[in-house]
$ cat data13.cif   # mmCIF, C-alpha atoms
data_coords
#
loop_
_atom_site.label_atom_id
_atom_site.label_comp_id
_atom_site.auth_asym_id
_atom_site.auth_seq_id
_atom_site.Cartn_x
_atom_site.Cartn_y
_atom_site.Cartn_z
CA MET A 327 119.02 90.99 140.27
CA SER A 328 118.63 94.30 142.02
CA VAL A 329 115.80 96.81 141.77
CA GLY A 330 118.04 98.53 139.20
CA THR A 331 117.82 95.61 136.79
CA LEU A 332 115.82 95.71 133.57
CA LEU A 333 114.30 92.63 131.96
CA LEU A 334 113.27 93.03 128.32
CA LEU A 335 110.29 90.83 127.41
CA PRO A 336 108.11 90.49 124.32
CA PRO A 337 104.36 91.06 124.52
CA SER A 338 101.94 88.26 123.72
CA GLU A 339 99.59 87.72 120.81
CA GLY A 340 96.94 86.78 123.36
CA LYS A 341 95.38 89.82 125.01
CA ARG A 342 92.59 90.30 127.50
CA SER A 343 89.76 92.41 126.06
CA GLY A 344 88.10 95.39 127.69
CA GLY A 345 89.49 98.02 130.01
CA ALA A 346 88.69 101.55 131.10
CA GLY A 347 89.54 105.10 130.14
CA SER A 348 91.04 105.92 126.75
CA PHE A 349 94.49 105.32 125.32
CA GLU A 350 96.69 108.39 125.03
CA PRO A 351 100.03 107.82 123.24
CA GLY A 352 101.95 109.85 125.82
CA SER A 353 100.71 107.89 128.81
CA GLY A 354 102.84 105.64 130.99
CA GLN A 355 106.53 105.77 131.82
CA PHE A 356 107.74 106.76 128.35
CA PRO A 357 105.90 109.93 127.25
CA ALA A 358 108.76 110.71 124.85
CA LEU A 359 107.38 107.94 122.62
CA ALA A 360 104.01 109.67 122.15
CA ALA A 361 104.65 110.90 118.61
CA ALA A 362 106.00 107.55 117.42
CA ARG A 363 103.10 105.68 119.01
CA ARG A 364 100.64 107.99 117.29
CA GLN A 365 102.38 107.37 113.96
CA VAL A 366 102.10 103.61 114.42
CA ALA A 367 98.46 103.73 115.57
CA THR A 368 97.50 105.96 112.63
CA ALA A 369 99.33 103.80 110.07
CA LEU A 370 97.81 100.68 111.62
CA ALA A 371 94.27 102.06 111.31
CA THR A 372 94.95 102.97 107.67
CA ALA A 373 96.25 99.48 106.89
CA MET A 374 93.04 97.90 108.17
CA ALA A 375 91.21 99.09 105.05
CA ASP A 376 93.06 96.43 103.02
CA PRO A 377 92.07 92.79 103.76
CA ALA A 378 95.49 91.55 102.60
CA ALA A 379 97.20 93.98 104.96
CA VAL A 380 94.97 92.84 107.83
CA ALA A 381 96.18 89.26 107.37
CA ALA A 382 99.82 90.31 107.04
CA VAL A 383 99.80 92.66 110.02
CA THR A 384 97.80 90.48 112.42
CA GLY A 385 98.66 86.97 111.23
CA LEU A 386 94.96 86.12 111.46
CA GLN A 387 92.22 84.99 109.08
CA GLY A 388 88.44 84.95 109.00
CA GLU A 389 86.39 86.16 111.95
CA ARG A 390 89.45 86.57 114.16
CA ALA A 391 90.98 88.92 111.59
CA THR A 392 87.74 90.92 111.47
CA VAL A 393 87.74 91.33 115.26
CA ALA A 394 91.43 92.30 115.25
CA ALA A 395 90.88 94.86 112.46
CA THR A 396 88.08 96.48 114.45
CA ALA A 397 90.35 96.82 117.50
CA ASN A 398 93.23 98.12 115.37
CA ARG A 399 91.13 100.84 113.77
CA ALA A 400 90.18 102.17 117.22
CA VAL A 401 93.51 102.05 119.11
CA LEU A 402 93.69 105.79 119.75
CA GLY A 403 91.23 106.55 122.54
CA SER A 404 90.25 102.92 123.16
CA PRO A 405 89.95 101.44 126.70
CA THR A 406 93.17 100.30 128.36
CA LEU A 407 94.43 97.77 130.87
CA PRO A 408 97.85 97.76 132.54
CA ALA A 409 100.34 95.77 130.46
CA ALA A 410 100.56 93.16 133.24
CA GLU A 411 96.83 92.50 132.80
CA ARG A 412 96.48 93.01 129.03
CA TYR A 413 98.95 90.30 127.97
CA THR A 414 97.62 86.77 128.46
CA GLY A 415 99.84 84.52 126.31
CA VAL A 416 101.87 81.52 127.46
CA VAL A 417 104.85 83.52 128.76
CA TRP A 418 102.58 85.85 130.69
CA SER A 419 100.29 83.18 132.13
CA HIS A 420 103.33 81.32 133.49
CA LEU A 421 104.86 84.54 134.83
CA ASP A 422 101.46 85.42 136.38
CA PRO A 423 102.32 88.96 137.55
CA ALA A 424 99.15 89.32 139.61
CA SER A 425 100.21 86.59 142.05
CA LEU A 426 103.74 87.90 142.74
CA GLY A 427 104.63 88.77 146.32
CA ARG A 428 105.63 92.25 147.49
CA THR A 429 109.38 91.98 146.83
CA ALA A 430 108.90 90.35 143.44
CA ARG A 431 106.35 93.01 142.47
CA ARG A 432 108.88 95.70 143.31
CA ARG A 433 111.49 94.00 141.15
CA ALA A 434 108.91 93.64 138.36
CA ASP A 435 108.98 97.43 138.01
CA GLY A 436 112.08 96.71 135.92
CA VAL A 437 110.22 94.51 133.42
CA LEU A 438 109.86 96.34 130.08
CA VAL A 439 107.76 95.05 127.19
CA VAL A 440 109.16 95.71 123.70
CA SER A 441 105.96 96.34 121.74
CA ALA A 442 105.19 96.78 118.04
CA LEU A 443 102.47 99.28 118.98
CA GLY A 444 104.07 101.21 121.84
CA GLY A 445 107.81 100.69 121.56
CA LEU A 446 108.26 100.17 125.30
CA PHE A 447 105.65 99.53 127.98
CA ALA A 448 106.27 99.10 131.69
CA LEU A 449 104.00 96.60 133.44
CA GLY A 450 101.81 99.32 134.92
CA ASP A 451 101.47 101.30 131.69
CA PRO A 452 98.02 101.52 130.06
CA VAL A 453 97.80 99.37 126.94
CA PRO A 454 94.87 99.20 124.47
CA ASP A 455 93.66 96.04 122.78
CA TYR A 456 95.46 95.51 119.45
CA LYS A 457 96.94 92.91 117.10
CA LEU A 458 100.26 93.84 115.53
CA LYS A 459 103.40 91.83 114.87
CA MET A 460 106.86 93.35 115.23
CA ALA A 461 107.74 91.71 111.88
CA ALA A 462 104.96 93.65 110.12
CA ARG A 463 105.38 96.57 107.72
CA LEU A 464 103.05 99.55 107.93
CA PRO A 465 102.38 102.16 105.24
CA GLY A 466 104.74 105.10 105.52
CA LEU A 467 106.76 103.44 108.31
CA GLY A 468 108.17 100.29 106.75
CA PRO A 469 109.34 97.35 108.92
CA LEU A 470 108.40 98.04 112.52
CA GLY A 471 111.60 96.54 113.93
CA ALA A 472 113.67 99.12 112.05
CA PHE A 473 111.22 101.93 112.84
CA TRP A 474 111.32 101.28 116.58
CA ARG A 475 115.08 100.71 116.64
CA GLU A 476 115.56 104.36 115.71
CA GLN A 477 112.73 105.68 117.88
CA LEU A 478 113.80 103.75 120.99
CA ARG A 479 117.52 104.50 120.88
CA ILE A 480 117.56 107.58 123.13
CA VAL A 481 114.80 106.37 125.46
CA LEU A 482 116.35 102.94 125.91
CA HIS A 483 119.85 104.31 126.47
CA ALA A 484 118.50 106.57 129.21
CA ALA A 485 116.53 103.74 130.82
CA THR A 486 119.49 101.34 130.86
CA ALA A 487 122.17 103.76 132.13
CA GLY A 488 124.02 102.16 135.04
CA ARG A 489 121.60 99.22 135.20
CA ALA A 490 121.92 95.54 134.42
CA VAL A 491 119.92 94.50 131.34
CA TRP A 492 118.57 90.99 130.82
CA ASP A 493 117.46 90.42 127.22
CA LEU A 494 114.77 87.72 126.83
CA LEU A 495 113.56 88.89 123.43
CA PRO A 496 112.87 86.78 120.34
CA ALA A 497 114.65 87.69 117.10
CA ASP A 498 111.96 90.01 115.68
CA HIS A 499 111.85 92.10 118.86
CA ARG A 500 115.64 92.25 119.18
CA LYS A 501 115.65 94.07 115.84
CA ALA A 502 113.86 96.94 117.61
CA VAL A 503 116.43 97.25 120.39
CA ASP A 504 119.82 98.91 119.92
CA LEU A 505 121.91 98.46 123.07
CA ASP A 506 125.20 99.45 121.43
CA GLY A 507 126.65 102.38 123.27
CA CYS A 508 124.43 101.85 126.31
CA THR A 509 126.12 102.45 129.65
CA SER A 510 124.44 99.47 131.31
CA SER A 511 126.41 97.90 134.15
CA GLU A 512 125.83 94.37 132.83
CA ARG A 513 124.16 92.79 129.82
CA VAL A 514 122.86 89.22 129.83
CA ARG A 515 121.21 87.60 126.82
CA VAL A 516 118.96 84.69 127.75
CA GLU A 517 118.41 81.92 125.20
CA PHE A 518 116.16 78.84 125.39
CA ARG A 519 117.57 75.73 123.74
CA ALA A 520 116.97 72.02 123.36
CA ALA A 521 119.48 69.57 124.80
CA GLY A 522 121.23 69.25 121.40
CA GLY A 523 121.77 73.01 121.16
CA ALA A 524 118.98 73.87 118.73
CA LYS A 525 116.88 76.91 119.54
CA ALA A 526 113.80 75.93 121.53
CA ALA A 527 110.48 77.35 120.41
CA GLY A 528 106.78 76.78 120.82
CA HIS A 529 104.52 76.48 123.84
CA ALA A 530 107.04 74.67 126.06
CA ALA A 531 109.80 77.25 125.56
CA LYS A 532 107.37 80.12 126.16
CA ALA A 533 106.13 78.48 129.35
CA ALA A 534 109.73 78.03 130.53
CA LYS A 535 110.45 81.70 129.78
CA GLY A 536 107.55 82.81 131.95
CA ARG A 537 108.58 80.54 134.81
CA PHE A 538 112.20 81.63 134.46
CA VAL A 539 111.32 85.32 134.79
CA ARG A 540 109.16 84.55 137.80
CA HIS A 541 112.07 82.58 139.31
CA LEU A 542 114.37 85.59 138.94
CA LEU A 543 111.85 87.97 140.46
CA GLU A 544 111.23 85.68 143.45
CA ALA A 545 114.81 84.53 144.11
CA ALA A 546 116.27 85.32 147.54
CA ARG A 547 119.45 86.64 145.89
CA PRO A 548 118.64 87.21 142.21
CA GLY A 549 121.38 87.28 139.60
CA LEU A 550 123.40 84.85 137.48
CA ASP A 551 123.80 82.35 140.32
CA ALA A 552 120.05 82.21 140.89
CA ALA A 553 119.43 82.01 137.14
CA ALA A 554 121.82 79.06 136.84
CA ALA A 555 119.90 77.33 139.63
CA PHE A 556 116.63 77.47 137.66
CA ARG A 557 114.93 74.09 137.39
CA TRP A 558 111.44 73.53 136.00
CA GLU A 559 109.93 70.57 134.16
CA GLY A 560 113.19 69.48 132.57
CA TRP A 561 114.52 73.00 131.96
CA ARG A 562 117.67 74.22 133.69
CA GLY A 563 119.77 77.36 133.63
CA GLU A 564 123.41 77.34 132.47
CA VAL A 565 125.85 80.27 132.42
CA GLN A 566 127.72 80.26 129.11
CA GLY A 567 130.17 83.16 129.00
CA PRO A 568 128.26 86.43 129.28
CA ASP A 569 124.98 84.71 128.38
CA LEU A 570 122.49 82.55 130.24
CA VAL A 571 121.12 79.53 128.39
CA VAL A 572 118.01 77.74 129.62
CA VAL A 573 118.31 74.18 128.32
CA HIS A 574 115.56 71.59 128.03
CA ALA A 575 117.20 68.37 129.20
CA PRO A 576 114.56 66.14 130.81
CA ALA A 577 115.89 63.26 132.92
#

$ encode --input "data13.cif" --output "structure tokens"
Amino acid sequence: MSVGTLLLLPPSEGKRSGGAGSFEPGSGQFPALAAARRQVATALATAMADPAAVAAVTGLQGERATVAATANRAVLGSPTLPAAERYTGVVWSHLDPASLGRTARRRADGVLVVSALGGLFALGDPVPDYKLKMAARLPGLGPLGAFWREQLRIVLHAATAGRAVWDLLPADHRKAVDLDGCTSSERVRVEFRAAGGAKAAGHAAKAAKGRFVRHLLEAARPGLDAAAAFRWEGWRGEVQGPDLVVVHAPA
């Protein structure tokens, strides 16, 4: 993996609270997404008036849903943290961006988060606290995967031009990404599977994804060879055609 490589990752449901400043939709590396981000933030705030919509949009109930609704109503202008600090879920805790060395940090500039709120965030981009699933529907916008697929097309095609793209997205987030027609130099889809071939999910697969990304960023000579050499707690990398499969096959 060179500095010109992009890794597409999902965000996490877990997010660190707090921050500083105030969220402006045009901030970060993708100011062209400002209008779309404002549309999403406005529709999200509107949806929070309906308790049923709160549960559907956030996937939460009870007090946690109340806290999430409060954050969602105040996205525009709320305090921010860099994406690398905001996201705290299993993938992100095992990637642990804060502890990366200098070379790996430089490579991590190519990590892009496909977000239901922001479309795309780079790791240094300011991100507010929010709870929103990519599978959700918002009033006036419809399914967010389809909404962002259209909004991201031009931005993503520009970002991927001449660069290798490694896709580590789950199904809901892949719906938001249209790579057809991109002039990327290479495209690798990474899947996580059990030994029998079934798709691997849950905490263990998320932990392996975080460690796998860290492995790529820290490898002496990153790329498919390094990815195939990945070994961690029974997980191993395997090149299968144009794709890279990380298989859980404990000894």

$ closest_residue --input "data13.cif" --among "A:Ala395, A:Ala400, A:Leu333, A:Ala484" --to "A:Leu542" --atoms "all atoms listed in the file"
A:Leu333

$ residues_near_point --input "data13.cif" --point "(120.5, 98.3, 133.4)" --cutoff "7 Å" --atoms "only C-alpha atoms" --output "list in words"
Gly330, Thr331, Leu332, Thr486, Ala487, Gly488, Arg489, Ala490, Val491, Ser510, Ser511 and Glu512 of chain A

$ residues_around --input "data13.cif" --residues "stretch 456-460 of chain A" --least-positions-apart "2" --cutoff "8 Å" --atoms "only C-alpha atoms" --output "PyMOL selection string"
chain A and resi 339+341+383-385+394-395+397-398+401+441-443+454+462+469-471+498-499

$ write_last_selection --input "data13.cif" --atoms "C-alpha atoms" --output "compact mmCIF listing (two decimals), in the coordinates of the input"
# COMPACT_ATOMS: atom_id res chain seq x y z
CA GLU A 339 99.59 87.72 120.81
CA LYS A 341 95.38 89.82 125.01
CA VAL A 383 99.80 92.66 110.02
CA THR A 384 97.80 90.48 112.42
CA GLY A 385 98.66 86.97 111.23
CA ALA A 394 91.43 92.30 115.25
CA ALA A 395 90.88 94.86 112.46
CA ALA A 397 90.35 96.82 117.50
CA ASN A 398 93.23 98.12 115.37
CA VAL A 401 93.51 102.05 119.11
CA SER A 441 105.96 96.34 121.74
CA ALA A 442 105.19 96.78 118.04
CA LEU A 443 102.47 99.28 118.98
CA PRO A 454 94.87 99.20 124.47
CA ALA A 462 104.96 93.65 110.12
CA PRO A 469 109.34 97.35 108.92
CA LEU A 470 108.40 98.04 112.52
CA GLY A 471 111.60 96.54 113.93
CA ASP A 498 111.96 90.01 115.68
CA HIS A 499 111.85 92.10 118.86

$ axis_aligned_box --input "data13.cif" --around "stretch 356-371 of chain A" --padding-each-side "8 Å" --output "JSON"
{"center_x": 101.5, "center_y": 105.8, "center_z": 119.2, "size_x": 30.5, "size_y": 26.2, "size_z": 34.3}

$ closest_residue --input "data13.cif" --among "A:Ala524, A:Val393, A:Ala545, A:Leu550" --to "A:His574" --atoms "only C-alpha atoms"
A:Ala524

$ residues_around --input "data13.cif" --residues "A:Gln365" --least-positions-apart "5" --cutoff "9 Å" --atoms "all atoms listed in the file" --output "ChimeraX atom specification"
/A:360,370,467

$ resolve_selection --input "data13.cif" --expression "the PyMOL selection byres ((chain A and resi 404-416) around 8)" --output "PyMOL selection string"
chain A and resi 337-349+400-403+417-420+423-424+447-455+529+532-533+536

$ residues_near_point --input "data13.cif" --point "(103.3, 106.7, 121.8)" --cutoff "10 Å" --atoms "only C-alpha atoms" --output "count of residues only"
24
